[in-house]
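K.L.:
Structure supplied as start-v7.txt; contents: compact mmCIF, C-alpha atoms and all ligand atoms.
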# COMPACT_ATOMS: atom_id res chain seq x y z
CA ALA K 1 143.36 -116.19 -26.21
CA GLN K 2 140.41 -113.84 -26.55
CA ALA K 3 139.08 -113.56 -30.10
CA HIS K 4 137.43 -110.38 -31.36
CA LEU K 5 137.58 -108.82 -27.88
CA PRO K 6 135.67 -105.51 -27.65
CA SER K 7 137.92 -102.57 -26.86
CA GLU K 8 137.06 -100.47 -23.81
CA GLY K 9 135.22 -97.18 -24.13
CA PRO K 10 131.73 -95.98 -24.99
CA LYS K 11 129.88 -97.76 -27.76
CA ILE K 12 126.80 -96.63 -29.64
CA ILE K 13 125.24 -99.80 -31.03
CA ALA K 14 122.66 -99.70 -33.84
CA HIS K 15 119.81 -101.93 -32.65
CA ARG K 16 118.85 -104.23 -35.59
CA GLY K 17 120.84 -101.85 -37.80
CA LEU K 18 119.59 -98.31 -38.44
CA CYS K 19 116.06 -99.62 -37.95
CA ARG K 20 114.26 -96.27 -38.08
CA ARG K 21 115.53 -95.53 -41.57
CA ALA K 22 115.65 -99.01 -43.13
CA PRO K 23 113.98 -102.38 -42.45
CA GLU K 24 115.38 -103.91 -39.24
CA ASN K 25 117.96 -106.70 -39.46
CA THR K 26 118.61 -106.26 -43.18
CA LEU K 27 121.85 -105.47 -45.00
CA ALA K 28 120.23 -102.16 -46.02
CA ALA K 29 119.89 -101.21 -42.33
CA PHE K 30 123.49 -102.26 -41.65
CA GLU K 31 124.81 -100.42 -44.72
CA LEU K 32 123.01 -97.23 -43.68
CA ALA K 33 124.53 -97.49 -40.20
CA TYR K 34 127.97 -97.93 -41.78
CA ARG K 35 127.51 -94.94 -44.09
CA THR K 36 126.51 -92.68 -41.19
CA GLY K 37 129.68 -93.58 -39.29
CA VAL K 38 128.23 -96.04 -36.78
CA GLN K 39 130.81 -98.66 -35.74
CA TRP K 40 128.63 -101.20 -33.92
CA LEU K 41 125.57 -103.22 -34.97
CA GLU K 42 123.20 -105.39 -32.95
CA THR K 43 121.31 -108.16 -34.71
CA ASP K 44 119.18 -111.20 -33.87
CA VAL K 45 120.02 -114.71 -35.08
CA ASP K 46 117.50 -117.53 -35.56
CA LEU K 47 117.68 -120.81 -37.46
CA LEU K 48 115.86 -122.15 -40.50
CA LYS K 49 114.61 -125.74 -40.46
CA ASP K 50 117.79 -126.85 -42.27
CA GLY K 51 119.97 -125.21 -39.61
CA THR K 52 120.94 -122.15 -41.66
CA PRO K 53 121.42 -119.15 -39.34
CA ILE K 54 119.47 -116.09 -40.50
CA LEU K 55 118.82 -112.62 -39.06
CA LEU K 56 115.29 -112.14 -37.74
CA HIS K 57 113.91 -110.79 -34.49
CA ASP K 58 110.52 -112.52 -34.32
CA ALA K 59 109.90 -116.27 -34.29
CA THR K 60 107.59 -115.81 -37.27
CA LEU K 61 107.98 -114.08 -40.61
CA ASP K 62 104.65 -112.24 -40.20
CA ARG K 63 105.71 -108.76 -39.09
CA THR K 64 108.86 -108.11 -41.09
CA THR K 65 108.46 -109.98 -44.38
CA ASN K 66 105.99 -110.48 -47.23
CA THR K 67 105.15 -113.94 -45.95
CA SER K 68 104.09 -115.58 -42.70
CA GLY K 69 104.50 -118.54 -40.40
CA PRO K 70 107.34 -119.78 -38.20
CA VAL K 71 110.85 -119.20 -39.49
CA SER K 72 111.70 -122.69 -38.24
CA ALA K 73 109.39 -124.15 -40.92
CA ARG K 74 111.45 -122.65 -43.79
CA THR K 75 114.65 -123.76 -45.50
CA SER K 76 117.29 -121.87 -47.47
CA GLN K 77 115.41 -122.77 -50.65
CA ASP K 78 112.64 -120.42 -49.50
CA LEU K 79 114.97 -117.43 -49.03
CA PRO K 80 114.93 -116.05 -52.61
CA ALA K 81 111.13 -115.56 -52.43
CA ILE K 82 111.20 -113.76 -49.07
CA ASP K 83 111.04 -109.97 -49.17
CA ALA K 84 112.16 -108.42 -45.88
CA GLY K 85 111.89 -104.81 -47.06
CA SER K 86 108.45 -104.05 -48.54
CA TRP K 87 106.68 -104.08 -45.15
CA PHE K 88 108.85 -101.09 -44.17
CA SER K 89 108.65 -99.09 -47.39
CA PRO K 90 108.34 -99.75 -51.14
CA ALA K 91 111.82 -98.21 -51.45
CA PHE K 92 113.19 -101.40 -49.87
CA ALA K 93 111.17 -103.89 -51.95
CA GLY K 94 113.09 -107.10 -52.58
CA GLU K 95 115.48 -106.63 -49.66
CA PRO K 96 116.60 -110.18 -48.76
CA LEU K 97 116.13 -111.89 -45.41
CA PRO K 98 119.85 -112.03 -44.59
CA THR K 99 121.81 -115.09 -43.60
CA LEU K 100 124.42 -114.84 -40.84
CA ALA K 101 126.95 -115.68 -43.57
CA SER K 102 126.02 -112.49 -45.45
CA LEU K 103 126.44 -110.46 -42.25
CA ILE K 104 129.92 -111.92 -41.72
CA ASP K 105 130.85 -110.96 -45.28
CA PHE K 106 129.49 -107.46 -44.60
CA LEU K 107 131.51 -107.10 -41.38
CA ASN K 108 134.66 -108.31 -43.13
CA ARG K 109 134.10 -105.78 -45.93
CA THR K 110 133.31 -102.79 -43.70
CA GLY K 111 135.27 -103.57 -40.52
CA MET K 112 132.15 -102.92 -38.43
CA ASN K 113 131.77 -104.58 -35.02
CA CYS K 114 128.70 -106.56 -33.98
CA ASN K 115 126.62 -107.66 -31.00
CA VAL K 116 125.22 -110.98 -32.23
CA GLU K 117 122.11 -111.90 -30.21
CA LEU K 118 121.24 -115.59 -30.37
CA LYS K 119 117.51 -116.33 -30.11
CA SER K 120 116.62 -119.54 -28.29
CA GLY K 121 114.15 -120.63 -25.65
CA LYS K 122 110.81 -118.81 -25.40
CA GLU K 123 111.56 -116.58 -28.36
CA SER K 124 112.63 -119.20 -30.94
CA ASP K 125 112.42 -122.89 -31.80
CA ALA K 126 116.22 -123.03 -32.07
CA VAL K 127 117.84 -125.25 -29.42
CA PRO K 128 121.21 -124.19 -27.99
CA GLU K 129 123.17 -127.10 -29.53
CA ALA K 130 121.92 -126.32 -33.05
CA MET K 131 122.43 -122.57 -32.62
CA ILE K 132 126.02 -123.03 -31.44
CA ALA K 133 126.83 -125.54 -34.19
CA ALA K 134 125.43 -123.15 -36.82
CA THR K 135 127.02 -119.92 -35.62
CA LEU K 136 130.57 -120.90 -34.63
CA PRO K 137 131.74 -121.74 -38.18
CA GLN K 138 130.45 -118.35 -39.35
CA LEU K 139 132.12 -116.41 -36.53
CA ALA K 140 135.35 -118.26 -37.34
CA ARG K 141 135.37 -116.50 -40.76
CA LEU K 142 135.63 -113.01 -39.21
CA ASN K 143 138.71 -110.97 -39.97
CA PRO K 144 141.02 -110.30 -37.01
CA GLY K 145 140.28 -107.01 -35.28
CA ILE K 146 136.52 -107.12 -35.73
CA GLU K 147 134.96 -106.85 -32.28
CA ILE K 148 132.14 -109.23 -31.35
CA ILE K 149 129.77 -109.57 -28.38
CA VAL K 150 127.63 -112.73 -28.28
CA SER K 151 124.44 -112.19 -26.27
CA SER K 152 121.26 -114.09 -25.40
CA PHE K 153 118.36 -114.12 -22.99
CA ASN K 154 118.96 -117.88 -22.60
CA PRO K 155 121.65 -118.48 -19.95
CA ASP K 156 121.83 -122.19 -20.83
CA LEU K 157 122.73 -121.31 -24.38
CA LEU K 158 125.35 -118.82 -23.21
CA ALA K 159 126.91 -121.31 -20.79
CA GLN K 160 127.13 -123.93 -23.54
CA PHE K 161 128.47 -121.38 -26.01
CA HIS K 162 131.09 -120.26 -23.50
CA GLU K 163 132.17 -123.83 -22.89
CA ALA K 164 132.41 -124.57 -26.62
CA ALA K 165 134.22 -121.34 -27.51
CA PRO K 166 135.56 -119.52 -24.43
CA GLU K 167 137.48 -117.09 -26.62
CA TYR K 168 134.32 -115.10 -27.46
CA THR K 169 132.97 -112.30 -25.27
CA ILE K 170 129.56 -113.05 -23.77
CA ALA K 171 126.79 -110.66 -22.72
CA ALA K 172 123.90 -111.89 -20.57
CA LEU K 173 120.63 -110.15 -21.51
CA PHE K 174 118.23 -109.30 -18.70
CA LYS K 175 114.70 -107.95 -18.41
CA PRO K 176 113.86 -106.07 -15.19
CA ARG K 177 112.01 -109.07 -13.71
CA HIS K 178 115.16 -111.23 -14.10
CA LEU K 179 117.04 -108.72 -11.98
CA ALA K 180 114.82 -109.53 -9.02
CA LYS K 181 116.37 -113.00 -8.98
CA ASP K 182 119.97 -114.24 -8.85
CA TRP K 183 121.17 -112.34 -11.91
CA ILE K 184 124.74 -112.17 -10.58
CA GLY K 185 124.95 -115.97 -10.33
CA VAL K 186 123.32 -116.34 -13.74
CA ALA K 187 125.74 -113.92 -15.40
CA HIS K 188 128.84 -115.45 -13.79
CA GLY K 189 127.46 -118.92 -14.56
CA CYS K 190 127.43 -118.28 -18.28
CA GLY K 191 130.89 -116.75 -18.41
CA ALA K 192 129.57 -113.28 -19.15
CA THR K 193 131.92 -110.32 -19.50
CA TYR K 194 128.95 -107.99 -19.99
CA ILE K 195 125.47 -107.70 -18.64
CA HIS K 196 122.95 -106.19 -21.06
CA PRO K 197 119.91 -105.12 -18.98
CA LYS K 198 116.82 -103.48 -20.43
CA ASP K 199 116.64 -99.83 -19.46
CA HIS K 200 114.42 -99.17 -16.46
CA LEU K 201 114.06 -96.64 -13.67
CA ARG K 202 116.06 -98.53 -11.09
CA LEU K 203 118.89 -99.37 -13.48
CA PRO K 204 121.35 -96.78 -12.07
CA SER K 205 121.29 -98.56 -8.68
CA LEU K 206 122.39 -101.75 -10.42
CA LEU K 207 125.55 -100.21 -11.84
CA PRO K 208 127.71 -100.20 -8.67
CA ILE K 209 126.83 -103.88 -8.14
CA ALA K 210 127.74 -104.72 -11.72
CA ARG K 211 131.03 -102.88 -11.31
CA ARG K 212 131.81 -104.68 -8.05
CA GLU K 213 131.15 -108.01 -9.76
CA GLY K 214 133.47 -107.06 -12.61
CA PHE K 215 130.85 -106.82 -15.34
CA ARG K 216 130.90 -104.32 -18.19
CA VAL K 217 127.40 -103.00 -18.98
CA GLY K 218 125.36 -102.38 -22.14
CA VAL K 219 121.78 -101.10 -21.95
CA TRP K 220 118.89 -101.45 -24.43
CA THR K 221 116.90 -99.93 -26.01
CA VAL K 222 117.73 -96.32 -25.18
CA ASN K 223 116.14 -93.84 -27.58
CA LYS K 224 116.18 -90.66 -25.48
CA LYS K 225 119.42 -88.73 -25.83
CA ALA K 226 119.37 -87.33 -22.27
CA ARG K 227 118.99 -90.85 -20.87
CA ALA K 228 121.81 -92.18 -23.06
CA ARG K 229 124.06 -89.36 -21.86
CA GLU K 230 123.10 -90.03 -18.23
CA LEU K 231 123.84 -93.76 -18.52
CA LEU K 232 127.19 -93.19 -20.24
CA GLY K 233 128.04 -90.73 -17.45
CA LEU K 234 127.27 -93.43 -14.89
CA GLY K 235 129.76 -95.79 -16.53
CA VAL K 236 127.53 -97.74 -18.91
CA GLU K 237 129.78 -98.81 -21.78
CA SER K 238 127.26 -99.59 -24.54
CA ILE K 239 124.05 -97.88 -25.54
CA ILE K 240 121.96 -100.09 -27.80
CA THR K 241 119.63 -97.72 -29.63
CA ASN K 242 117.34 -97.29 -32.61
CA LYS K 243 118.92 -93.83 -33.08
CA ALA K 244 122.60 -94.73 -33.42
CA ASP K 245 123.14 -92.11 -36.13
CA LYS K 246 121.83 -89.35 -33.82
CA PHE K 247 123.64 -90.62 -30.72
CA LEU K 248 127.13 -90.99 -32.24
CA PRO K 249 128.47 -87.71 -30.81
CA LEU K 250 127.68 -88.97 -27.27
CA ALA K 251 130.46 -91.55 -27.54
CA VAL K 252 133.11 -88.84 -27.76
CA GLU K 253 131.69 -86.33 -25.25
O1 LIG D 301 120.17 -107.07 -27.63
C1 LIG D 301 119.33 -106.10 -27.08
C2 LIG D 301 117.92 -106.26 -27.52
O2 LIG D 301 117.89 -106.47 -28.90
C3 LIG D 301 117.23 -107.40 -26.83
O3 LIG D 301 115.87 -107.46 -27.09
O4 LIG D 301 113.86 -108.26 -28.21
O5 LIG D 301 115.06 -106.29 -29.13
O6 LIG D 301 116.05 -108.57 -29.33
P1 LIG D 301 115.20 -107.67 -28.51
MG MG D 302 118.01 -108.13 -30.19
Turn this file's structure into structure tokens for me.
Ligand code: G3P
Ligand code: MG
P.N.:
Amino acid sequence: AQAHLPSEGPKIIAHRGLCRRAPENTLAAFELAYRTGVQWLETDVDLLKDGTPILLHDATLDRTTNTSGPVSARTSQDLPAIDAGSWFSPAFAGEPLPTLASLIDFLNRTGMNCNVELKSGKESDAVPEAMIAATLPQLARLNPGIEIIVSSFNPDLLAQFHEAAPEYTIAALFKPRHLAKDWIGVAHGCGATYIHPKDHLRLPSLLPIARREGFRVGVWTVNKKARARELLGLGVESIITNKADKFLPLAVE
């Protein structure tokens, strides 16, 4: 049976939380999204050296914390000293680098839904086997009814994830250059329900093909309201945006 299956209908997804008003991928950014009425989050998962899944976009701590170096060189013992908020604003000083476990607790408390993007391959030192072993026990703690989309740019990871836990809904992430190749075979090959292409000029011409192949579609990162409205009108289901608070009314138009 499908677990945490996303319901149909337009979704406005807060990319890395409400990342224009709070530091990306922190509980503060998720909390702000929740308080403004957003129902969906997107976040990035990477692994510490000890296998602990944490939420971080980059492979290093340089841009979004008070420290530096590869995240794969750190262990959970380092977490208390990491400040993931000061770089954004002094108002967020001391904001923790969140674990996936703390996100699951947050989702269970708020009932929010989440697109969990697993980093692996070029963008992270995490190998698929370790990422899957680390994330499945956390996802298993989610309350029934919370909707989850598991996405990645790494089709090998997605295929392995799908084989290990076919009950979860998969989204295959694509950059425009991937779409010049056999993206249909890639997406079917990893058991994807969704394709999540990056927004680009020729995207609308992709939509009939996606529909024919039976894929639901989410697009990132759409920060212009007219474009978001256009894509929703063309049948795109999810808009992954840095402006989720501003775009919420689009989901009910
Ligand atoms: O999941 C959509 C988007 O987040 C993918 O790109 O680099 O922002 O994680 P990135
Ligand atoms: Mg992401």
K.L.:
Smallest atom-to-atom distance to ligand LIG 301 (chain D): which of K:Arg212, K:His4, K:Lys122, K:Lys246, using only C-alpha atoms and all ligand atoms?
P.N.:
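Answer, going by the shortest atom-to-atom distance: K:Lys122.
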K.L.:
Show which residues sit within 12 Å of Leu201 in chain K, as number ranges by chain. Count all atoms listed in the file, and ignore same-chain residues fewer than 4 positions away.
P.N.:
K: 176, 197, 205-206, 227, 231
K.L.:
Keeping only C-alpha atoms, write those residues as a short mmCIF file (atom, residue, chain, number, x, y, z; two decimals), in the coordinates of the input.
P.N.:
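Output saved as result-v2.cif:
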data_model
loop_
_atom_site.label_atom_id
_atom_site.label_comp_id
_atom_site.auth_asym_id
_atom_site.auth_seq_id
_atom_site.Cartn_x
_atom_site.Cartn_y
_atom_site.Cartn_z
CA PRO K 176 113.86 -106.07 -15.19
CA PRO K 197 119.91 -105.12 -18.98
CA SER K 205 121.29 -98.56 -8.68
CA LEU K 206 122.39 -101.75 -10.42
CA ARG K 227 118.99 -90.85 -20.87
CA LEU K 231 123.84 -93.76 -18.52
#
K.L.:
Tell me which of K:Leu139, K:Asn108, K:Val150, K:Glu253 sits closest to Glu230 in chain K, counting all atoms listed in the file.
P.N.:
K:Glu253
K.L.:
Kindly assemble as JSON lines a list of the chain K residues that lie within 10 Å of ligand LIG 301 (chain D), each paired with its nearest atom pair and their distance in Å to one decimal, using only C-alpha atoms and all ligand atoms, sorted first by chain and then by ascending residue number.
P.N.:
{"residue": "K:Ile13", "atom": "CA", "partner": "D:LIG301", "partner_atom": "O1", "distance": 9.5}
{"residue": "K:Ala14", "atom": "CA", "partner": "D:LIG301", "partner_atom": "O2", "distance": 9.6}
{"residue": "K:His15", "atom": "CA", "partner": "D:LIG301", "partner_atom": "O2", "distance": 6.2}
{"residue": "K:Arg16", "atom": "CA", "partner": "D:LIG301", "partner_atom": "O2", "distance": 7.1}
{"residue": "K:Leu41", "atom": "CA", "partner": "D:LIG301", "partner_atom": "O1", "distance": 9.9}
{"residue": "K:Glu42", "atom": "CA", "partner": "D:LIG301", "partner_atom": "O1", "distance": 6.3}
{"residue": "K:Thr43", "atom": "CA", "partner": "D:LIG301", "partner_atom": "O2", "distance": 7.0}
{"residue": "K:Asp44", "atom": "CA", "partner": "D:LIG301", "partner_atom": "O6", "distance": 6.1}
{"residue": "K:Val45", "atom": "CA", "partner": "D:LIG301", "partner_atom": "O6", "distance": 9.3}
{"residue": "K:Leu56", "atom": "CA", "partner": "D:LIG301", "partner_atom": "O6", "distance": 9.2}
{"residue": "K:His57", "atom": "CA", "partner": "D:LIG301", "partner_atom": "O6", "distance": 6.0}
{"residue": "K:Asp58", "atom": "CA", "partner": "D:LIG301", "partner_atom": "O4", "distance": 8.2}
{"residue": "K:Asn115", "atom": "CA", "partner": "D:LIG301", "partner_atom": "O1", "distance": 7.3}
{"residue": "K:Val116", "atom": "CA", "partner": "D:LIG301", "partner_atom": "O1", "distance": 7.9}
{"residue": "K:Glu117", "atom": "CA", "partner": "D:LIG301", "partner_atom": "O1", "distance": 5.8}
{"residue": "K:Leu118", "atom": "CA", "partner": "D:LIG301", "partner_atom": "O6", "distance": 8.8}
{"residue": "K:Lys119", "atom": "CA", "partner": "D:LIG301", "partner_atom": "O6", "distance": 7.9}
{"residue": "K:Glu123", "atom": "CA", "partner": "D:LIG301", "partner_atom": "O4", "distance": 8.6}
{"residue": "K:Ile149", "atom": "CA", "partner": "D:LIG301", "partner_atom": "O1", "distance": 9.9}
{"residue": "K:Val150", "atom": "CA", "partner": "D:LIG301", "partner_atom": "O1", "distance": 9.4}
{"residue": "K:Ser151", "atom": "CA", "partner": "D:LIG301", "partner_atom": "O1", "distance": 6.8}
{"residue": "K:Ser152", "atom": "CA", "partner": "D:LIG301", "partner_atom": "O1", "distance": 7.4}
{"residue": "K:Phe153", "atom": "CA", "partner": "D:LIG301", "partner_atom": "C3", "distance": 7.8}
{"residue": "K:Ala171", "atom": "CA", "partner": "D:LIG301", "partner_atom": "O1", "distance": 9.0}
{"residue": "K:Ala172", "atom": "CA", "partner": "D:LIG301", "partner_atom": "O1", "distance": 9.3}
{"residue": "K:Leu173", "atom": "CA", "partner": "D:LIG301", "partner_atom": "O1", "distance": 6.9}
{"residue": "K:Phe174", "atom": "CA", "partner": "D:LIG301", "partner_atom": "C3", "distance": 8.4}
{"residue": "K:Lys175", "atom": "CA", "partner": "D:LIG301", "partner_atom": "O3", "distance": 8.8}
{"residue": "K:His196", "atom": "CA", "partner": "D:LIG301", "partner_atom": "C1", "distance": 7.0}
{"residue": "K:Pro197", "atom": "CA", "partner": "D:LIG301", "partner_atom": "C1", "distance": 8.2}
{"residue": "K:Lys198", "atom": "CA", "partner": "D:LIG301", "partner_atom": "C3", "distance": 7.5}
{"residue": "K:Gly218", "atom": "CA", "partner": "D:LIG301", "partner_atom": "C1", "distance": 8.6}
{"residue": "K:Val219", "atom": "CA", "partner": "D:LIG301", "partner_atom": "C1", "distance": 7.6}
{"residue": "K:Trp220", "atom": "CA", "partner": "D:LIG301", "partner_atom": "C1", "distance": 5.4}
{"residue": "K:Thr221", "atom": "CA", "partner": "D:LIG301", "partner_atom": "C2", "distance": 6.6}
{"residue": "K:Ile239", "atom": "CA", "partner": "D:LIG301", "partner_atom": "C1", "distance": 9.6}
{"residue": "K:Ile240", "atom": "CA", "partner": "D:LIG301", "partner_atom": "C1", "distance": 6.6}
{"residue": "K:Thr241", "atom": "CA", "partner": "D:LIG301", "partner_atom": "C1", "distance": 8.8}
{"residue": "K:Asn242", "atom": "CA", "partner": "D:LIG301", "partner_atom": "O5", "distance": 9.9}
K.L.:
Using all atoms listed in the file, can you tell me which of K:Cys19, K:Ala133, K:Ser76, K:Arg216 comes closest to ligand MG 302 (chain D)?
P.N.:
K:Cys19
K.L.:
With distances taken over all atoms listed in the file, which residue among K:Val71, K:Leu32, K:Leu55, K:Val186 lies nearest ligand MG 302 (chain D)?
P.N.:
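Closest residue, counting all atoms listed in the file: K:Leu55.
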K.L.:
Pick the closest to ligand MG 302 (chain D) from K:Asn25, K:Gly69, K:Phe161, K:Leu107: which is it, counting all atoms listed in the file?
P.N.:
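Using all atoms listed in the file, the shortest distance to ligand MG 302 (chain D) belongs to K:Asn25.
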K.L.:
Please provide the set of residues having any atom within 8 Å of Ile104 in chain K, restricted to only C-alpha atoms, with same-chain residues fewer than 5 positions apart removed, written as a list of chain:residue names.
P.N.:
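In the requested format, the answer is K:Gln138, K:Leu139, K:Arg141, K:Leu142.
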K.L.:
Between CA of Asp62 in chain K and CA of Asn223 in chain K, what is the distance, to one decimal in Å?
P.N.:
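Value for the CA of Asp62 in chain K-CA of Asn223 in chain K distance: 25.1 Å.
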K.L.:
Rank K:Gln2, K:Gln39, K:Gln77, K:Thr67 by their smallest atom-to-atom distance to Thr110 in chain K, using only C-alpha atoms, and report the top residue only.
P.N.:
K:Gln39
K.L.:
Compute the distance from (112.4, -94.2, -38.9) to each atom, counting only C-alpha atoms, keep the residues with any atom at most 12 Å away, and return them as a list of chain:residue names; use the coordinates of the file.
P.N.:
K:Gly17, K:Leu18, K:Cys19, K:Arg20, K:Arg21, K:Ala22, K:Pro23, K:Glu24, K:Ala29, K:Phe88, K:Ser89, K:Asn223, K:Asn242, K:Lys243, K:Ala244, K:Asp245, K:Lys246
K.L.:
Would you put the residues from that selection into a file with C-alpha atoms, as a compact mmCIF listing (two decimals), in the coordinates of the input?
P.N.:
# COMPACT_ATOMS: atom_id res chain seq x y z
CA GLY K 17 120.84 -101.85 -37.80
CA LEU K 18 119.59 -98.31 -38.44
CA CYS K 19 116.06 -99.62 -37.95
CA ARG K 20 114.26 -96.27 -38.08
CA ARG K 21 115.53 -95.53 -41.57
CA ALA K 22 115.65 -99.01 -43.13
CA PRO K 23 113.98 -102.38 -42.45
CA GLU K 24 115.38 -103.91 -39.24
CA ALA K 29 119.89 -101.21 -42.33
CA PHE K 88 108.85 -101.09 -44.17
CA SER K 89 108.65 -99.09 -47.39
CA ASN K 223 116.14 -93.84 -27.58
CA ASN K 242 117.34 -97.29 -32.61
CA LYS K 243 118.92 -93.83 -33.08
CA ALA K 244 122.60 -94.73 -33.42
CA ASP K 245 123.14 -92.11 -36.13
CA LYS K 246 121.83 -89.35 -33.82
K.L.:
Would you kindly return, as a list of chain:residue names, each protein, DNA or RNA residue with an atom no farther than 7 Å from any atom of Leu100 in chain K, considering only C-alpha atoms and excluding same-chain residues fewer than 2 positions away?
P.N.:
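Counting only the stated atoms, we get K:Pro53, K:Ile54, K:Leu55, K:Pro98, K:Ser102, K:Leu103, K:Ile104.
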K.L.:
Do you have the CA of Ala187 in chain K-CA of Cys114 in chain K distance handy?
P.N.:
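The value is 20.2 Å.
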K.L.:
CA of Leu48 in chain K and CA of Asp78 in chain K, how far apart in Å?
P.N.:
9.7 Å
K.L.:
Pull the neighbourhood of (130.1, -96.0, -21.0) for me: all residues within 6 Å in file coordinates, counting only C-alpha atoms, as a list in words.
P.N.:
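Taken together, the residues in range are Pro10, Leu232, Gly235, Val236, Glu237 and Ser238 of chain K.
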K.L.:
Rebuild N, CA and C atoms on range 2-21 of chain K, as an mmCIF file, keeping the file's coordinate frame?
P.N.:
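result16.cif was written with the following content:
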data_model
loop_
_atom_site.group_PDB
_atom_site.id
_atom_site.type_symbol
_atom_site.label_atom_id
_atom_site.label_comp_id
_atom_site.auth_asym_id
_atom_site.auth_seq_id
_atom_site.Cartn_x
_atom_site.Cartn_y
_atom_site.Cartn_z
ATOM 1 N N GLN K 2 141.702 -114.437 -26.216
ATOM 2 C CA GLN K 2 140.410 -113.840 -26.550
ATOM 3 C C GLN K 2 140.357 -113.513 -28.048
ATOM 4 N N ALA K 3 139.264 -113.882 -28.678
ATOM 5 C CA ALA K 3 139.080 -113.560 -30.100
ATOM 6 C C ALA K 3 138.070 -112.428 -30.222
ATOM 7 N N HIS K 4 138.394 -111.446 -31.053
ATOM 8 C CA HIS K 4 137.430 -110.380 -31.360
ATOM 9 C C HIS K 4 136.959 -109.644 -30.105
ATOM 10 N N LEU K 5 137.882 -109.462 -29.170
ATOM 11 C CA LEU K 5 137.580 -108.820 -27.880
ATOM 12 C C LEU K 5 137.190 -107.351 -28.082
ATOM 13 N N PRO K 6 136.050 -106.925 -27.524
ATOM 14 C CA PRO K 6 135.670 -105.510 -27.650
ATOM 15 C C PRO K 6 136.629 -104.605 -26.889
ATOM 16 N N SER K 7 137.057 -103.532 -27.539
ATOM 17 C CA SER K 7 137.920 -102.570 -26.860
ATOM 18 C C SER K 7 137.089 -101.833 -25.804
ATOM 19 N N GLU K 8 137.785 -101.194 -24.851
ATOM 20 C CA GLU K 8 137.060 -100.470 -23.810
ATOM 21 C C GLU K 8 136.609 -99.134 -24.376
ATOM 22 N N GLY K 9 135.673 -98.500 -23.688
ATOM 23 C CA GLY K 9 135.220 -97.180 -24.130
ATOM 24 C C GLY K 9 133.796 -97.230 -24.639
ATOM 25 N N PRO K 10 133.146 -96.045 -24.659
ATOM 26 C CA PRO K 10 131.730 -95.980 -24.990
ATOM 27 C C PRO K 10 131.412 -96.477 -26.394
ATOM 28 N N LYS K 11 130.320 -97.205 -26.488
ATOM 29 C CA LYS K 11 129.880 -97.760 -27.760
ATOM 30 C C LYS K 11 128.431 -97.376 -28.016
ATOM 31 N N ILE K 12 128.179 -96.882 -29.211
ATOM 32 C CA ILE K 12 126.800 -96.630 -29.640
ATOM 33 C C ILE K 12 126.467 -97.743 -30.633
ATOM 34 N N ILE K 13 125.515 -98.583 -30.262
ATOM 35 C CA ILE K 13 125.240 -99.800 -31.030
ATOM 36 C C ILE K 13 123.884 -99.666 -31.730
ATOM 37 N N ALA K 14 123.888 -99.851 -33.043
ATOM 38 C CA ALA K 14 122.660 -99.700 -33.840
ATOM 39 C C ALA K 14 121.800 -100.953 -33.710
ATOM 40 N N HIS K 15 120.715 -100.827 -32.953
ATOM 41 C CA HIS K 15 119.810 -101.930 -32.650
ATOM 42 C C HIS K 15 119.111 -102.413 -33.928
ATOM 43 N N ARG K 16 119.384 -103.640 -34.338
ATOM 44 C CA ARG K 16 118.850 -104.230 -35.590
ATOM 45 C C ARG K 16 119.266 -103.412 -36.812
ATOM 46 N N GLY K 17 120.425 -102.761 -36.733
ATOM 47 C CA GLY K 17 120.840 -101.850 -37.800
ATOM 48 C C GLY K 17 120.206 -100.485 -37.577
ATOM 49 N N LEU K 18 120.220 -99.633 -38.599
ATOM 50 C CA LEU K 18 119.590 -98.310 -38.440
ATOM 51 C C LEU K 18 118.096 -98.472 -38.707
ATOM 52 N N CYS K 19 117.402 -99.062 -37.698
ATOM 53 C CA CYS K 19 116.060 -99.620 -37.950
ATOM 54 C C CYS K 19 114.959 -98.580 -38.039
ATOM 55 N N ARG K 20 115.288 -97.292 -37.844
ATOM 56 C CA ARG K 20 114.260 -96.270 -38.080
ATOM 57 C C ARG K 20 114.277 -95.809 -39.523
ATOM 58 N N ARG K 21 115.392 -96.042 -40.208
ATOM 59 C CA ARG K 21 115.530 -95.530 -41.570
ATOM 60 C C ARG K 21 115.563 -96.611 -42.633
#
